[in-house]
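Enquirer: Dropping a structure here in structure tokens format, bear with me for questions.
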Amino acid sequence: MSVPYAVAHQLGKAFYGKRVLENASFTVEPGDIVGVLGKNGAGKTTLLELMLGFTPPTAGGVELFGHASYRLPGAAKARLGFVPQQDELVNQLTAADQIGVIASFYPRWDDALVTRLAREWELDLGERIKGMSVGQRQKLSILLALGHRPDLLILDEPVASLDPVARRQFLEQIIDVAADGARAVVFSSHIVSDVERLANKIWIVKDHRLYWQGDFDALKDSIVRLHLRAPRGLPDTIAIPSALSVQRNGSSATVVVRDWSDGLHSETAGKLGVEIEVEQLTLEDIFLELHR
Amino acid sequence: MFILKPHSGVPIYRQLSEQIRRMAASGQLQPGTELPSIRDLAMQHAINPMTVSKVYSLLEAEGVLERNRGKPMTIAKVARAQSPAPKRLQQLEPHLEQLVLAARQLELGESDVAKALRNTWEKTDERSVRRRTPAR
Amino acid sequence: MKAVARLMLAYFTGTRLLSIVTALGLIAIVGGSAVLFYLPPLVAQHGLPSRFSLAEEAALQMAPVAGVLCFIFGASLLPSMSMRLVTSHYAYVLPYGRVKLLASAFGTVALVSLVASTTVTLFFMDAGFPFLLMFRRGFLVSLTSNTILYCVLWFIGRSSSIGKLLGVAAAVATLVVPLRYQVPGTSITPVWIACALLWATLTAGVLLAPRMKLAYGGTRHSLAQRFGGASYRGGGREVDFMFGTANPWPLALGQIVPIAIATYYLRDYHPYAADAPNPLLAVMTILSVVSGGLTAVAATRARALWLRTHWTRAELFGRAERAFWGHNCFVLGVLLVALIAVGSWLELPTRMLVLWLGLLMLGTTLSTYLGLIVTASLGWTECVLAAATMVALLMTSIYTGAATTPPATIVALYAALAVAALAFRQLAARRWARLDWMLCRADSTVRPAT
């Protein structure tokens, strides 16, 4: 029975009276790769910042490694890694110096790993940071969060500026981190295909709430697209509980539902007098359907 | 070794488990063949290692795979007791559904489909099964 | 602890330039002090014969002082780098991040002050003052003034032209004013208080930053809304807005503050040697040059104009010249008026005033064209030209200030400066004709991914 790395219960944050996030509850277990999806402004970054203890919650609480994240003790921080959305490197230094400075804060630093990755990712460690392109700066930011082998790695849009080759290398590194089942990764991304490959848990932030929080496979089984065919005509109203959208087209219709389960199949088909084909959606489709 | 499409609607674990089952059943993967480690398979296809782990555990419970301490998972050596026909038929369900759906869309009747099925059954024999299964 | 040490190392050696400056500083301090100790006593202090001339002795004595200054500026990565880290996510995520950053800042300032005060105290030892007493004083004064200096350097780094102006003046002040407190006799209590207050504020600021961030952000935003920039109301001033020369008043009027402060402190200054430099003129010369310096952004801003108008690069040069002269005229005008006002109040001779007017006009001209010469990131050519110009201007100001200089020399000097200005203009025009915006990026923190 493993101790979760992060636990939140009814987490909420309000800024000047405006609710930025409310009632978020989740856990992150060792071995998890959590993908966080959400439209811009939905509260994704706030969620991550609350998790990291950058800002105190105004409701509920979140704990990292058993400590309240806002008051995370120094020793626990050595188990935490973070890659911000916009890099915060010191422009005047060389990459090697920047790594050296950050490394000195941690009791353990894996030099071999950093050197190997820098070589694979084609980062010249002797180059000045102010002369680097955006993609290289982002790669360096990621490297800085991997060197101390954190147990919990949190990344906010880490691949926004990376080309597909670099992105694939990054994905492989994330897999490497999570593969032994003792470390966890939480990352937010707009590149849904990456999240689809990697994540075993999905958090969807919508309208300042955690709309979905749980297994990715369960999400795929829960939000599906039903194709209804009624050769003898569809009923006037298609009443399916928890339907997200309905599109009629003559004697057929397409309905996107949430909270679907196989047991509902025959029941719904019978009630409406239609034939139902269940189509499972890609993660991107699920996201788009939720925001229609 | 496997063809995985992470962006189709079908969950990756299902794709992978079905392929391993079929390849083991068809003899494509001989008993005793070593499967890649969880980490290697995950890295190769850029998928979540927990998914691979789940599939391996599932198939081990079903008896398709064997775990050897310290060594990678292998296809089960022991000719496992044939699982009952109804259970094996269950694996054909998705294919049957697809077939029926396509037939209905083409407005073909049940008897036509049954006849076509018999023809195809006679045309394919054991050897062509091996040849057609994708070799990766 | 190793983080603190590593940070301090980065502050001193993070960039190539700073490593060199730090190294030079240390060599000058150690070498200069050694020379002073092992050579026969110098005339100025003991009235004994020496084998050095006055000038040589002055140079020798200056060596450790210059070394101390180099060492202080060698750590000038401290303000920008530590603030960058403190205001970033790293301050939250690194174990004991804030504490270690604060410790590294204090350690660096303390080290620099230690070196500075030791060197200065050694100077006073010969004069018979007790070492420990002088050292304690010196260390405290040094600590306080260096803290202020680094804060000012940070401020200069992040601010616009007006801020840079005030910052430079403040930086010079922090190096000069503390000398008053070095000598025993003046009370040292105000320095204790200042030092304690400074570090208490800094500590609170760094450690409590998370709580204060919200309040600060809001205030800064509303201040910028109220007092920053100019608003466009149409009607033909688009070019000015693109170049950023639309509103000269903040800079023009902002100059008055350092002038007023300098005048107040120097009003009783009477040079005891006929050809000693007049510090007031030096201040004004610096001011005349700073306004020109902001022209350096012209090339990067011209890109947007080039995309939207039919002007060629050569025509753009003409437009930029016009826009910046329009702006700098106001700034120069205010400076000249201030000069006349101050000159009249201090009852300086008319001849001097006229000469100073000319010098300031030359200063602005030279610096404007120097700014236009910058069409790529700062390279050796630009730095050498800028340094040479500053030195030439200051030397000329010394000569004009002296009553004994023959008029012919002054005329010659001014003529030479005017010719130099024309030469700069030609150089700038030639460079603009071949302007390459890949080398001259507005967002200098990012290079294109090639």
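Identifiers in the structure tokens: chain A, B, ... in order shown; residue index from 1 per chain; ligand index from 1 in order shown.
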With 8 Å as the limit and counting only C-alpha atoms, what residues in chain A lie close to chain C? Please list them as JSON, numbers by chain.

Expert: {"A": [52, 53, 54, 55, 73, 74, 75, 76, 77, 78, 80, 81, 82, 84, 88, 90, 91, 92, 93, 94, 97, 100, 101, 102, 103, 104, 105, 106, 130, 131, 132, 133, 134, 135]}

Enquirer: Give me, as a list in words, all polymer residues having an atom no more than 9 Å from Leu50 in chain A, counting only C-alpha atoms and skipping those fewer than 3 positions away in the same chain.

Expert: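 Result of the neighbour search: Leu11, Gly12, Lys13, Thr45, Thr46, Leu47, Gly53, Phe54, Thr55, Pro56, Pro57, Gly61, Val62, Ser69 and Tyr70 of chain A.
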
Enquirer: Would you export the selected residues with C-alpha atoms as a PDB file, in the first residue's frame, please?

Expert:
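As a result, out_21.pdb now contains:
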```pdb
ATOM      1  CA  LEU A  11      -8.956  22.585  -2.878  1.00  0.00           C
ATOM      2  CA  GLY A  12     -10.054  26.072  -3.799  1.00  0.00           C
ATOM      3  CA  LYS A  13      -8.503  29.423  -4.571  1.00  0.00           C
ATOM      4  CA  THR A  45      -1.730  26.756 -13.775  1.00  0.00           C
ATOM      5  CA  THR A  46      -3.459  27.743 -10.561  1.00  0.00           C
ATOM      6  CA  LEU A  47      -3.992  24.075  -9.790  1.00  0.00           C
ATOM      7  CA  GLY A  53       2.783  25.545  -2.508  1.00  0.00           C
ATOM      8  CA  PHE A  54       3.432  28.767  -4.387  1.00  0.00           C
ATOM      9  CA  THR A  55       0.225  30.218  -3.138  1.00  0.00           C
ATOM     10  CA  PRO A  56      -1.940  29.324  -0.159  1.00  0.00           C
ATOM     11  CA  PRO A  57      -5.351  27.810  -0.832  1.00  0.00           C
ATOM     12  CA  GLY A  61      -5.887  21.800   1.365  1.00  0.00           C
ATOM     13  CA  VAL A  62      -3.233  19.927  -0.559  1.00  0.00           C
ATOM     14  CA  SER A  69       2.383  22.106   0.402  1.00  0.00           C
ATOM     15  CA  TYR A  70       2.376  25.742   1.412  1.00  0.00           C
TER      16      TYR A  70
END
```

Enquirer: Which neighbours of range 351-364 of chain C fall inside 8 Å, counting only C-alpha atoms, when residues of the same chain fewer than 3 positions from it are skipped, and could you give them as a list in words?

Expert: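 Close residues of range 351-364 of chain C: Leu281, Met284, Thr285, Ser288, Val289, Ser291, Gly292, Asn328, Leu332, Leu336, Leu339, Ile340, Gly343, Leu348, Ser367, Thr368, Leu393, Ser397, Thr400, Gly401, Tyr414, Leu417, Ala418 and Ala421 of chain C.
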
Enquirer: Just to be explicit: take each residue in the selection above, keep N, CA and C atoms, and write the result as a compact mmCIF listing (two decimals), in the first residue's frame.

Expert:
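That gives us out03.txt:
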```txt
# COMPACT_ATOMS: atom_id res chain seq x y z
N LEU C 281 30.47 70.46 -13.57
CA LEU C 281 30.51 70.32 -15.02
C LEU C 281 30.57 68.85 -15.41
N MET C 284 27.15 67.44 -15.31
CA MET C 284 26.32 67.86 -16.43
C MET C 284 26.75 67.18 -17.72
N THR C 285 28.04 66.99 -17.87
CA THR C 285 28.51 66.32 -19.07
C THR C 285 27.96 64.90 -19.12
N SER C 288 24.44 65.00 -20.18
CA SER C 288 24.24 65.28 -21.60
C SER C 288 24.48 64.03 -22.43
N VAL C 289 25.34 63.17 -21.95
CA VAL C 289 25.65 61.96 -22.70
C VAL C 289 24.58 60.89 -22.52
N SER C 291 21.37 61.12 -22.17
CA SER C 291 20.18 61.30 -23.00
C SER C 291 20.44 60.82 -24.41
N GLY C 292 21.66 61.05 -24.87
CA GLY C 292 21.99 60.56 -26.20
C GLY C 292 22.03 59.04 -26.23
N ASN C 328 15.79 64.81 -28.25
CA ASN C 328 16.96 65.22 -27.46
C ASN C 328 17.08 66.73 -27.35
N LEU C 332 18.15 68.50 -24.05
CA LEU C 332 19.32 69.37 -24.05
C LEU C 332 18.92 70.78 -23.63
N LEU C 336 20.52 72.98 -20.68
CA LEU C 336 21.19 74.27 -20.85
C LEU C 336 20.57 75.33 -19.94
N LEU C 339 21.79 74.78 -16.60
CA LEU C 339 23.17 75.23 -16.50
C LEU C 339 23.23 76.74 -16.25
N ILE C 340 22.47 77.46 -17.04
CA ILE C 340 22.47 78.91 -16.89
C ILE C 340 21.99 79.30 -15.50
N GLY C 343 24.65 78.36 -13.03
CA GLY C 343 25.80 79.23 -13.21
C GLY C 343 25.57 80.61 -12.64
N LEU C 348 29.23 82.00 -11.61
CA LEU C 348 30.38 81.56 -12.38
C LEU C 348 30.66 82.58 -13.47
N SER C 367 26.84 61.73 -28.34
CA SER C 367 26.20 60.52 -27.83
C SER C 367 25.02 60.10 -28.69
N THR C 368 24.32 61.07 -29.29
CA THR C 368 23.21 60.70 -30.16
C THR C 368 23.72 59.86 -31.32
N LEU C 393 35.51 63.96 -23.59
CA LEU C 393 34.62 64.99 -23.07
C LEU C 393 35.06 65.43 -21.69
N SER C 397 36.38 69.01 -20.50
CA SER C 397 35.72 69.78 -19.44
C SER C 397 36.74 70.24 -18.41
N THR C 400 38.46 73.27 -20.04
CA THR C 400 37.63 74.47 -20.10
C THR C 400 37.43 75.05 -18.71
N GLY C 401 37.40 74.17 -17.71
CA GLY C 401 37.18 74.66 -16.37
C GLY C 401 38.37 75.47 -15.85
N TYR C 414 37.33 71.81 -29.10
CA TYR C 414 35.93 71.79 -29.51
C TYR C 414 35.79 71.41 -30.96
N LEU C 417 36.17 67.75 -31.37
CA LEU C 417 34.97 67.02 -30.97
C LEU C 417 33.88 67.13 -32.04
N ALA C 418 33.77 68.35 -32.63
CA ALA C 418 32.73 68.52 -33.66
C ALA C 418 33.02 67.62 -34.85
N ALA C 421 32.04 64.22 -34.12
CA ALA C 421 30.59 64.02 -34.22
C ALA C 421 30.19 63.76 -35.66
```

Enquirer: So which bits of range 2-124 of chain B end up alpha helix (DSSP H) when you DSSP the backbone, as a JSON list (two decimals) with N, CA and C atoms, in the first residue's frame?

Expert:
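In the end it all went to out_10.json:
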```
[["chain", "number", "residue", "atom", "x", "y", "z"],
["B", 12, "ILE", "N", -5.17, 1.68, -25.48],
["B", 12, "ILE", "CA", -3.91, 1.02, -25.83],
["B", 12, "ILE", "C", -3.83, -0.36, -25.18],
["B", 13, "TYR", "N", -4.28, -0.47, -23.93],
["B", 13, "TYR", "CA", -4.13, -1.75, -23.25],
["B", 13, "TYR", "C", -4.89, -2.84, -23.98],
["B", 14, "ARG", "N", -6.02, -2.45, -24.55],
["B", 14, "ARG", "CA", -6.81, -3.45, -25.27],
["B", 14, "ARG", "C", -6.12, -3.87, -26.56],
["B", 15, "GLN", "N", -5.57, -2.86, -27.27],
["B", 15, "GLN", "CA", -4.86, -3.18, -28.52],
["B", 15, "GLN", "C", -3.72, -4.15, -28.24],
["B", 16, "LEU", "N", -2.95, -3.82, -27.21],
["B", 16, "LEU", "CA", -1.77, -4.62, -26.93],
["B", 16, "LEU", "C", -2.14, -6.02, -26.47],
["B", 17, "SER", "N", -3.11, -6.10, -25.56],
["B", 17, "SER", "CA", -3.44, -7.43, -25.02],
["B", 17, "SER", "C", -4.03, -8.32, -26.11],
["B", 18, "GLU", "N", -4.85, -7.72, -26.98],
["B", 18, "GLU", "CA", -5.42, -8.52, -28.05],
["B", 18, "GLU", "C", -4.35, -9.03, -29.00],
["B", 19, "GLN", "N", -3.40, -8.15, -29.32],
["B", 19, "GLN", "CA", -2.37, -8.57, -30.26],
["B", 19, "GLN", "C", -1.54, -9.69, -29.66],
["B", 20, "ILE", "N", -1.18, -9.57, -28.41],
["B", 20, "ILE", "CA", -0.37, -10.63, -27.80],
["B", 20, "ILE", "C", -1.16, -11.94, -27.77],
["B", 21, "ARG", "N", -2.42, -11.84, -27.41],
["B", 21, "ARG", "CA", -3.24, -13.06, -27.35],
["B", 21, "ARG", "C", -3.29, -13.74, -28.70],
["B", 22, "ARG", "N", -3.56, -12.92, -29.74],
["B", 22, "ARG", "CA", -3.70, -13.51, -31.07],
["B", 22, "ARG", "C", -2.40, -14.08, -31.57],
["B", 23, "MET", "N", -1.33, -13.34, -31.31],
["B", 23, "MET", "CA", -0.05, -13.83, -31.81],
["B", 23, "MET", "C", 0.36, -15.09, -31.06],
["B", 24, "ALA", "N", 0.02, -15.20, -29.81],
["B", 24, "ALA", "CA", 0.34, -16.42, -29.06],
["B", 24, "ALA", "C", -0.52, -17.57, -29.55],
["B", 25, "ALA", "N", -1.81, -17.27, -29.78],
["B", 25, "ALA", "CA", -2.73, -18.32, -30.22],
["B", 25, "ALA", "C", -2.36, -18.83, -31.61],
["B", 26, "SER", "N", -1.94, -17.92, -32.48],
["B", 26, "SER", "CA", -1.66, -18.33, -33.85],
["B", 26, "SER", "C", -0.29, -18.96, -33.98],
["B", 38, "ILE", "N", 9.03, -4.10, -19.57],
["B", 38, "ILE", "CA", 8.02, -3.04, -19.51],
["B", 38, "ILE", "C", 8.63, -1.72, -19.97],
["B", 39, "ARG", "N", 9.80, -1.42, -19.45],
["B", 39, "ARG", "CA", 10.42, -0.15, -19.77],
["B", 39, "ARG", "C", 10.73, -0.06, -21.26],
["B", 40, "ASP", "N", 11.29, -1.14, -21.82],
["B", 40, "ASP", "CA", 11.67, -1.11, -23.23],
["B", 40, "ASP", "C", 10.46, -0.96, -24.13],
["B", 41, "LEU", "N", 9.42, -1.73, -23.83],
["B", 41, "LEU", "CA", 8.24, -1.65, -24.68],
["B", 41, "LEU", "C", 7.61, -0.26, -24.61],
["B", 42, "ALA", "N", 7.57, 0.28, -23.38],
["B", 42, "ALA", "CA", 6.99, 1.61, -23.22],
["B", 42, "ALA", "C", 7.79, 2.66, -23.98],
["B", 43, "MET", "N", 9.12, 2.56, -23.86],
["B", 43, "MET", "CA", 9.96, 3.55, -24.55],
["B", 43, "MET", "C", 9.82, 3.42, -26.06],
["B", 44, "GLN", "N", 9.76, 2.17, -26.53],
["B", 44, "GLN", "CA", 9.70, 1.93, -27.97],
["B", 44, "GLN", "C", 8.48, 2.57, -28.60],
["B", 45, "HIS", "N", 7.34, 2.41, -27.92],
["B", 45, "HIS", "CA", 6.09, 2.91, -28.50],
["B", 45, "HIS", "C", 5.66, 4.23, -27.89],
["B", 49, "PRO", "N", 4.20, 3.18, -19.15],
["B", 49, "PRO", "CA", 4.67, 1.87, -18.71],
["B", 49, "PRO", "C", 3.66, 1.13, -17.84],
["B", 50, "MET", "N", 2.82, 1.88, -17.15],
["B", 50, "MET", "CA", 1.80, 1.21, -16.33],
["B", 50, "MET", "C", 0.83, 0.43, -17.20],
["B", 51, "THR", "N", 0.55, 0.97, -18.39],
["B", 51, "THR", "CA", -0.33, 0.26, -19.31],
["B", 51, "THR", "C", 0.27, -1.09, -19.67],
["B", 52, "VAL", "N", 1.56, -1.06, -20.01],
["B", 52, "VAL", "CA", 2.24, -2.31, -20.37],
["B", 52, "VAL", "C", 2.20, -3.28, -19.20],
["B", 53, "SER", "N", 2.47, -2.72, -18.02],
["B", 53, "SER", "CA", 2.47, -3.55, -16.83],
["B", 53, "SER", "C", 1.10, -4.18, -16.60],
["B", 54, "LYS", "N", 0.08, -3.39, -16.83],
["B", 54, "LYS", "CA", -1.29, -3.90, -16.66],
["B", 54, "LYS", "C", -1.57, -5.05, -17.62],
["B", 55, "VAL", "N", -1.16, -4.86, -18.87],
["B", 55, "VAL", "CA", -1.39, -5.89, -19.88],
["B", 55, "VAL", "C", -0.65, -7.16, -19.51],
["B", 56, "TYR", "N", 0.59, -7.02, -19.13],
["B", 56, "TYR", "CA", 1.38, -8.19, -18.77],
["B", 56, "TYR", "C", 0.74, -8.94, -17.60],
["B", 57, "SER", "N", 0.29, -8.18, -16.60],
["B", 57, "SER", "CA", -0.33, -8.84, -15.44],
["B", 57, "SER", "C", -1.62, -9.55, -15.85],
["B", 58, "LEU", "N", -2.40, -8.87, -16.68],
["B", 58, "LEU", "CA", -3.66, -9.45, -17.14],
["B", 58, "LEU", "C", -3.42, -10.75, -17.88],
["B", 59, "LEU", "N", -2.47, -10.71, -18.79],
["B", 59, "LEU", "CA", -2.21, -11.90, -19.59],
["B", 59, "LEU", "C", -1.55, -13.00, -18.77],
["B", 60, "GLU", "N", -0.82, -12.60, -17.75],
["B", 60, "GLU", "CA", -0.23, -13.62, -16.87],
["B", 60, "GLU", "C", -1.34, -14.33, -16.12],
["B", 61, "ALA", "N", -2.32, -13.56, -15.68],
["B", 61, "ALA", "CA", -3.45, -14.16, -14.96],
["B", 61, "ALA", "C", -4.24, -15.08, -15.88],
["B", 62, "GLU", "N", -4.31, -14.71, -17.16],
["B", 62, "GLU", "CA", -5.04, -15.56, -18.10],
["B", 62, "GLU", "C", -4.24, -16.78, -18.50],
["B", 85, "ALA", "N", -14.78, -22.79, -25.37],
["B", 85, "ALA", "CA", -15.09, -22.11, -26.63],
["B", 85, "ALA", "C", -15.84, -20.80, -26.45],
["B", 86, "PRO", "N", -16.85, -20.76, -25.57],
["B", 86, "PRO", "CA", -17.58, -19.49, -25.42],
["B", 86, "PRO", "C", -16.64, -18.35, -25.05],
["B", 87, "LYS", "N", -15.63, -18.66, -24.19],
["B", 87, "LYS", "CA", -14.71, -17.61, -23.79],
["B", 87, "LYS", "C", -13.89, -17.14, -24.98],
["B", 88, "ARG", "N", -13.45, -18.08, -25.82],
["B", 88, "ARG", "CA", -12.66, -17.69, -26.98],
["B", 88, "ARG", "C", -13.52, -16.96, -27.99],
["B", 89, "LEU", "N", -14.78, -17.38, -28.05],
["B", 89, "LEU", "CA", -15.66, -16.68, -28.96],
["B", 89, "LEU", "C", -15.81, -15.21, -28.59],
["B", 90, "GLN", "N", -15.74, -14.97, -27.27],
["B", 90, "GLN", "CA", -15.87, -13.59, -26.81],
["B", 90, "GLN", "C", -14.84, -12.68, -27.48],
["B", 91, "GLN", "N", -13.64, -13.23, -27.78],
["B", 91, "GLN", "CA", -12.61, -12.42, -28.40],
["B", 91, "GLN", "C", -13.01, -11.99, -29.80],
["B", 92, "LEU", "N", -13.90, -12.77, -30.40],
["B", 92, "LEU", "CA", -14.33, -12.41, -31.74],
["B", 92, "LEU", "C", -15.42, -11.35, -31.74],
["B", 93, "GLU", "N", -15.98, -11.08, -30.59],
["B", 93, "GLU", "CA", -17.13, -10.16, -30.52],
["B", 93, "GLU", "C", -16.94, -8.87, -31.32],
["B", 94, "PRO", "N", -15.86, -8.11, -31.03],
["B", 94, "PRO", "CA", -15.72, -6.83, -31.73],
["B", 94, "PRO", "C", -15.71, -7.01, -33.24],
["B", 95, "HIS", "N", -15.05, -8.09, -33.71],
["B", 95, "HIS", "CA", -14.99, -8.30, -35.15],
["B", 95, "HIS", "C", -16.36, -8.63, -35.71],
["B", 96, "LEU", "N", -17.13, -9.45, -34.95],
["B", 96, "LEU", "CA", -18.47, -9.81, -35.38],
["B", 96, "LEU", "C", -19.35, -8.57, -35.47],
["B", 97, "GLU", "N", -19.20, -7.71, -34.45],
["B", 97, "GLU", "CA", -20.02, -6.49, -34.45],
["B", 97, "GLU", "C", -19.73, -5.66, -35.68],
["B", 98, "GLN", "N", -18.40, -5.52, -35.98],
["B", 98, "GLN", "CA", -18.03, -4.73, -37.14],
["B", 98, "GLN", "C", -18.63, -5.33, -38.41],
["B", 99, "LEU", "N", -18.53, -6.66, -38.50],
["B", 99, "LEU", "CA", -19.03, -7.35, -39.69],
["B", 99, "LEU", "C", -20.53, -7.11, -39.85],
["B", 100, "VAL", "N", -21.26, -7.29, -38.77],
["B", 100, "VAL", "CA", -22.72, -7.13, -38.82],
["B", 100, "VAL", "C", -23.09, -5.70, -39.20],
["B", 101, "LEU", "N", -22.39, -4.77, -38.61],
["B", 101, "LEU", "CA", -22.68, -3.36, -38.88],
["B", 101, "LEU", "C", -22.46, -3.04, -40.35],
["B", 102, "ALA", "N", -21.28, -3.47, -40.86],
["B", 102, "ALA", "CA", -20.99, -3.20, -42.27],
["B", 102, "ALA", "C", -22.04, -3.84, -43.15],
["B", 103, "ALA", "N", -22.41, -5.07, -42.81],
["B", 103, "ALA", "CA", -23.41, -5.78, -43.62],
["B", 103, "ALA", "C", -24.73, -5.01, -43.61],
["B", 104, "ARG", "N", -25.12, -4.52, -42.45],
["B", 104, "ARG", "CA", -26.39, -3.79, -42.36],
["B", 104, "ARG", "C", -26.35, -2.51, -43.17],
["B", 105, "GLN", "N", -25.18, -1.82, -43.09],
["B", 105, "GLN", "CA", -25.07, -0.59, -43.86],
["B", 105, "GLN", "C", -25.16, -0.86, -45.35],
["B", 110, "GLU", "N", -28.93, -11.71, -43.55],
["B", 110, "GLU", "CA", -28.16, -12.63, -42.71],
["B", 110, "GLU", "C", -27.67, -13.84, -43.49],
["B", 111, "SER", "N", -28.51, -14.37, -44.35],
["B", 111, "SER", "CA", -28.12, -15.58, -45.09],
["B", 111, "SER", "C", -26.99, -15.28, -46.06],
["B", 112, "ASP", "N", -27.05, -14.09, -46.71],
["B", 112, "ASP", "CA", -25.96, -13.73, -47.62],
["B", 112, "ASP", "C", -24.63, -13.72, -46.87],
["B", 113, "VAL", "N", -24.68, -13.09, -45.72],
["B", 113, "VAL", "CA", -23.45, -12.96, -44.93],
["B", 113, "VAL", "C", -22.95, -14.35, -44.53],
["B", 114, "ALA", "N", -23.85, -15.24, -44.10],
["B", 114, "ALA", "CA", -23.45, -16.58, -43.68],
["B", 114, "ALA", "C", -22.80, -17.34, -44.82],
["B", 115, "LYS", "N", -23.37, -17.17, -46.02],
["B", 115, "LYS", "CA", -22.80, -17.85, -47.19],
["B", 115, "LYS", "C", -21.39, -17.34, -47.45],
["B", 116, "ALA", "N", -21.25, -16.01, -47.45],
["B", 116, "ALA", "CA", -19.93, -15.42, -47.70],
["B", 116, "ALA", "C", -18.93, -15.89, -46.65],
["B", 117, "LEU", "N", -19.40, -16.01, -45.40],
["B", 117, "LEU", "CA", -18.52, -16.45, -44.32],
["B", 117, "LEU", "C", -18.02, -17.87, -44.59],
["B", 118, "ARG", "N", -18.93, -18.75, -45.03],
["B", 118, "ARG", "CA", -18.52, -20.13, -45.30],
["B", 118, "ARG", "C", -17.48, -20.18, -46.41],
["B", 119, "ASN", "N", -17.72, -19.38, -47.48],
["B", 119, "ASN", "CA", -16.76, -19.35, -48.59],
["B", 119, "ASN", "C", -15.38, -18.94, -48.10],
["B", 120, "THR", "N", -15.37, -17.84, -47.38],
["B", 120, "THR", "CA", -14.09, -17.35, -46.91],
["B", 120, "THR", "C", -13.41, -18.37, -45.99],
["B", 121, "TRP", "N", -14.19, -19.02, -45.17],
["B", 121, "TRP", "CA", -13.65, -20.03, -44.25],
["B", 121, "TRP", "C", -12.95, -21.14, -45.03],
["B", 122, "GLU", "N", -13.61, -21.56, -46.12],
["B", 122, "GLU", "CA", -13.00, -22.65, -46.88],
["B", 122, "GLU", "C", -11.75, -22.20, -47.61],
["B", 123, "LYS", "N", -11.77, -20.92, -48.02],
["B", 123, "LYS", "CA", -10.62, -20.46, -48.80],
["B", 123, "LYS", "C", -9.37, -20.33, -47.92]]
```

Enquirer: Quick one: distance from CA of Ile261 in chain C to CA of Val283 in chain C in Å, one decimal?

Expert: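 Value for the CA of Ile261 in chain C-CA of Val283 in chain C distance: 10.5 Å.
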
Enquirer: When you count only C-alpha atoms, which of these residues is closest to Val186 in chain A: A:Asp32, A:Glu63, A:Asp207, A:Glu284?

Expert: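 Answer, going by the shortest atom-to-atom distance: A:Asp32.
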
Enquirer: Just want the 10 Å neighbourhood of Ile142 in chain A, counted on only C-alpha atoms, with same-chain residues fewer than 4 positions away dropped. Output as a CSV table (one decimal) with C-alpha atoms, in the first residue's frame.

Expert:
```csv
chain,number,residue,atom,x,y,z
A,81,GLY,CA,10.9,19.0,-9.4
A,82,PHE,CA,9.2,21.7,-11.4
A,83,VAL,CA,9.4,23.0,-14.9
A,84,PRO,CA,7.6,26.4,-15.3
A,87,ASP,CA,11.8,29.5,-18.4
A,136,GLN,CA,17.0,25.0,-26.2
A,137,ARG,CA,16.0,27.1,-23.2
A,138,GLN,CA,13.0,24.9,-22.6
A,146,LEU,CA,15.5,16.0,-13.8
A,147,GLY,CA,19.0,16.2,-12.3
A,155,LEU,CA,5.7,20.3,-15.6
A,158,PRO,CA,6.9,21.7,-21.0
A,159,VAL,CA,6.9,21.0,-24.7
A,170,PHE,CA,11.1,14.3,-23.8
```

Enquirer: Of the candidates B:Lys71, B:Leu35, B:Ala76, B:Leu4, which shows the shortest atom-to-atom distance to chain A, using only C-alpha atoms?

Expert: B:Leu4

Enquirer: What lies within 10 Å of Leu140 in chain C using only C-alpha atoms, ignoring chain neighbours under 3 positions off, as a PyMOL selection string?

Expert: chain C and resi 110+113-114+117+135-137+143-146+181-182+188+191-192+195

Enquirer: Considering only C-alpha atoms, tabulate each residue of chain A that lies at most 6 Å from chain B along with its nearest interatomic pair and the corresponding distance in Å to one decimal; arrange the rows by chain and ascending residue number and present them as CSV.

Expert:
```
residue,atom,partner,partner_atom,distance
A:Glu172,CA,B:Met43,CA,5.6
A:Ala179,CA,B:Pro49,CA,5.5
A:Arg197,CA,B:Ile47,CA,4.8
A:Leu198,CA,B:Asn48,CA,4.5
A:Gln280,CA,B:Gly9,CA,4.5
A:Leu281,CA,B:Gly9,CA,4.7
A:Thr282,CA,B:Gly9,CA,5.1
```
